[in-house]
Amino acid sequence: MSGPNVHEDVASPRRTRDIIAKYGFSFKKSLGQNFLIDQNILEKIVSAAGLDETKGALEIGPGIGALTQQLAEQAGRVAAVEIDNRLIPILRDVLADRSNVHVVHGDVLKLNLGELIEKHFAGLSGVSVVANLPYYVTTPILMKLLEEKLPLERIVVMIQKEVAERMAAKPGGKEYGSLSVAVQYYCEPELVCIVPHTVFIPQPNVDSAVIKLTVRKQPPVDVRDEAHFFRTVQGSFAQRRKTIYNNLTALVGKENRELLGPLLESCGIAPARRGETLSLDEFA
């Protein structure tokens with residue numbers, strides 16, 4: 001059997017199945033592997049990233065290279081970080097004719113991403129993360145990207161639809177929570193499109209969404225102690241049905257309970273409100 005045509009797009013059901021068969025690849029549930037087989041969605045992801053030959057793209061979890069191929073056409077350089085060593089030879093093969101792609105075998109949660117960005121994207125005018133993220137590690141990966149204050153322009157990722165809706169949620173709704181506040185502190189979120197579960201092999205149980213996070217140069221609110229700010233935000237959502245007063249009592253300790261009411265009042269926040277009604281400004 002002759003090998004599949006290297007120039008053919010990976011993101012088609014036939015080509016994906018050919019590659020899986022050729023290499024005898026089996027999906028690992030523990031790694032949340034779902035390969036995208038829809039060219040239109042890939043184009044939406046890449047176009048949201050606003051790449052050109054002066055910019056770099058950091059991809060996390062390239063799988064068999066469907067998105068990587070498209071990124072290589074638009075970006076000056078691409079670094080693709082893949083945790084599954086069984087995929088490394090497949091990626092090298094599929095991307096053999098793309099001289100601007102570097103495949104890195106590693107766990108993105110353990111890598112020094114600042115160093116990786118310096119090494120692969122030196123001299124470029126900007127870097128964005130563009131990825132189809134595994135559901136089970138979406139939040140840890142995104143929080144690492146944001147908390148490490150990496151020099152990123154945008155983060156364009158396909159994630160579980162509900163998680164994307166939580167990131168973009170406004171105060172007052174049930175989607176709004178500590179993740180919304182954290183993401184909006186660092187970025188401006190924008191939902192790009194909803195992705196049905198039918199455009200993956202194998203099909204996940206839930207729909208996905210592409211979200212574009214434009215990284216802010218400066219947070220929109222002034223916070224003296226970020227760690228304390230995020231502790232307070234998380235504390236405020238500890239039990240969603242409880243008032244902010246009751247939730248924060250657990251954080252400050254029962255012995256400081258009587259100070260909490262006047263403190264909240266002095267910030268213009270009624271102690272009987274719930275966490276999901278507070279804006280970013282009010283939390284700050």
# chains A, B, ... in the order shown; residues from 1 in each chain; ligands from 1
>>> residues_around(residues="Val127 of chain A", least_positions_apart="4", cutoff="8 Å", atoms="only C-alpha atoms", output="mmCIF file with C-alpha atoms, in the first residue's frame")
data_model
loop_
_atom_site.group_PDB
_atom_site.id
_atom_site.type_symbol
_atom_site.label_atom_id
_atom_site.label_comp_id
_atom_site.auth_asym_id
_atom_site.auth_seq_id
_atom_site.Cartn_x
_atom_site.Cartn_y
_atom_site.Cartn_z
ATOM 1 C CA LYS A 55 3.875 35.713 13.613
ATOM 2 C CA GLY A 56 4.281 32.405 15.412
ATOM 3 C CA ALA A 57 1.712 29.805 16.452
ATOM 4 C CA LEU A 58 2.102 27.568 19.488
ATOM 5 C CA ILE A 117 8.547 30.682 23.010
ATOM 6 C CA PHE A 121 9.718 32.359 17.928
ATOM 7 C CA PRO A 151 4.074 37.148 25.730
ATOM 8 C CA LEU A 152 0.958 36.072 23.822
ATOM 9 C CA GLU A 153 -1.308 38.120 21.540
ATOM 10 C CA ARG A 154 -4.214 35.698 21.404
#
>>> residues_around(residues="Leu213 of chain A", least_positions_apart="6", cutoff="7 Å", atoms="only C-alpha atoms", output="PyMOL selection string")
chain A and resi 154-156+187-190
>>> write_last_selection(atoms="N, CA and C atoms", output="tab-separated table (two decimals), in the first residue's frame")
chain	number	residue	atom	x	y	z
A	154	ARG	N	-2.88	36.31	21.33
A	154	ARG	CA	-4.21	35.70	21.40
A	154	ARG	C	-4.10	34.24	21.79
A	155	ILE	N	-5.20	33.73	22.32
A	155	ILE	CA	-5.33	32.29	22.56
A	155	ILE	C	-6.63	31.89	21.87
A	156	VAL	N	-6.51	31.10	20.81
A	156	VAL	CA	-7.70	30.66	20.08
A	156	VAL	C	-7.79	29.15	20.25
A	187	CYS	N	-7.98	38.57	29.81
A	187	CYS	CA	-8.30	38.57	28.37
A	187	CYS	C	-9.65	39.18	28.07
A	188	GLU	N	-9.84	39.47	26.78
A	188	GLU	CA	-11.19	39.78	26.28
A	188	GLU	C	-11.68	38.55	25.52
A	189	PRO	N	-12.71	37.85	26.04
A	189	PRO	CA	-13.17	36.63	25.37
A	189	PRO	C	-14.21	36.91	24.28
A	190	GLU	N	-14.17	36.09	23.25
A	190	GLU	CA	-15.18	36.21	22.18
A	190	GLU	C	-15.45	34.81	21.63
>>> residues_around(residues="segment 133-139 of chain A", least_positions_apart="5", cutoff="9 Å", atoms="only C-alpha atoms", output="list in words")
Ser30, Leu31, Gly32, Gln33, Asn34, Ile60, Gly61, Pro62, Lys144, Val157, Met158, Ile159, Gln160, Val163 and Leu179 of chain A
>>> write_last_selection(atoms="C-alpha atoms", output="PDB file, in the first residue's frame")
ATOM      1  CA  SER A  30      -7.178   9.061  29.075  1.00  0.00           C
ATOM      2  CA  LEU A  31      -5.624  11.657  26.732  1.00  0.00           C
ATOM      3  CA  GLY A  32      -8.987  12.926  25.480  1.00  0.00           C
ATOM      4  CA  GLN A  33      -8.070  12.313  21.842  1.00  0.00           C
ATOM      5  CA  ASN A  34     -10.693  13.453  19.310  1.00  0.00           C
ATOM      6  CA  ILE A  60      -0.982  22.225  22.030  1.00  0.00           C
ATOM      7  CA  GLY A  61      -2.077  18.659  21.272  1.00  0.00           C
ATOM      8  CA  PRO A  62      -1.700  18.565  17.463  1.00  0.00           C
ATOM      9  CA  LYS A 144      -1.000  28.196  33.068  1.00  0.00           C
ATOM     10  CA  VAL A 157      -8.854  27.272  21.311  1.00  0.00           C
ATOM     11  CA  MET A 158     -11.524  24.711  20.673  1.00  0.00           C
ATOM     12  CA  ILE A 159     -12.891  23.524  24.013  1.00  0.00           C
ATOM     13  CA  GLN A 160     -16.074  22.088  25.497  1.00  0.00           C
ATOM     14  CA  VAL A 163     -16.574  25.836  29.357  1.00  0.00           C
ATOM     15  CA  LEU A 179     -13.450  30.955  35.690  1.00  0.00           C
TER      16      LEU A 179
END
>>> select_by_dssp(residues="segment 157-239 of chain A", states="strand (DSSP E or B)", output="VMD selection string")
chain A and resid 157 to 160 187 to 195 200 to 201 208 to 215
>>> select_by_dssp(residues="segment 24-73 of chain A", states="helix (DSSP H, G or I)", output="count of residues only")
21
>>> closest_residue(among="A:Arg273, A:Arg92, A:His228, A:Arg98", to="Leu71 of chain A", atoms="only C-alpha atoms")
A:Arg98
>>> residues_around(residues="segment 13-17 of chain A", least_positions_apart="5", cutoff="10 Å", atoms="only C-alpha atoms", output="PyMOL selection string")
chain A and resi 4-5+8+22+25+35-38+64-66+199-201
>>> write_last_selection(atoms="C-alpha atoms", output="short mmCIF file (atom, residue, chain, number, x, y, z; two decimals), in the first residue's frame")
data_model
loop_
_atom_site.label_atom_id
_atom_site.label_comp_id
_atom_site.auth_asym_id
_atom_site.auth_seq_id
_atom_site.Cartn_x
_atom_site.Cartn_y
_atom_site.Cartn_z
CA PRO A 4 -1.24 8.71 1.72
CA ASN A 5 -0.56 11.83 -0.31
CA GLU A 8 -3.70 16.20 1.00
CA LYS A 22 -1.43 3.11 8.21
CA PHE A 25 -3.03 4.08 15.88
CA PHE A 35 -9.46 14.31 15.81
CA LEU A 36 -11.26 17.06 13.88
CA ILE A 37 -12.38 16.12 10.37
CA ASP A 38 -13.97 19.38 9.20
CA ILE A 64 -2.19 13.89 13.60
CA GLY A 65 -1.58 17.41 12.34
CA ALA A 66 -4.91 18.58 10.84
CA VAL A 199 -17.18 16.48 13.18
CA PHE A 200 -14.71 14.45 15.23
CA ILE A 201 -13.28 10.92 15.12
#
>>> residues_around(residues="segment 235-241 of chain A", least_positions_apart="3", cutoff="10 Å", atoms="only C-alpha atoms", output="PyMOL selection string")
chain A and resi 174+176-178+229-232+244-252+274-276+278+283
>>> closest_residue(among="A:Ile19, A:Ala11, A:Ala182, A:Leu142", to="Lys212 of chain A", atoms="only C-alpha atoms")
A:Leu142
>>> closest_residue(among="A:Asp225, A:Gly261, A:Tyr23, A:Ala284", to="Asp93 of chain A", atoms="only C-alpha atoms")
A:Tyr23
>>> residues_around(residues="Leu113 of chain A", least_positions_apart="4", cutoff="9 Å", atoms="only C-alpha atoms", output="compact mmCIF listing (two decimals) with N, CA and C atoms, in the first residue's frame")
# COMPACT_ATOMS: atom_id res chain seq x y z
N VAL A 108 2.64 19.89 28.13
CA VAL A 108 2.61 21.36 28.16
C VAL A 108 2.51 21.90 29.59
N LEU A 109 1.92 21.11 30.49
CA LEU A 109 1.78 21.57 31.88
C LEU A 109 3.12 21.53 32.63
N ILE A 117 8.93 29.57 23.89
CA ILE A 117 8.55 30.68 23.01
C ILE A 117 9.79 31.44 22.53
N GLU A 118 10.72 31.67 23.46
CA GLU A 118 11.97 32.36 23.07
C GLU A 118 12.74 31.57 22.03
N LEU A 145 -1.23 29.26 30.88
CA LEU A 145 -0.90 30.24 29.84
C LEU A 145 -1.09 31.67 30.34
N GLU A 148 1.18 32.61 33.86
CA GLU A 148 2.63 32.78 33.64
C GLU A 148 2.93 34.04 32.84
N LEU A 150 2.70 34.94 29.77
CA LEU A 150 3.53 34.69 28.58
C LEU A 150 3.27 35.79 27.56
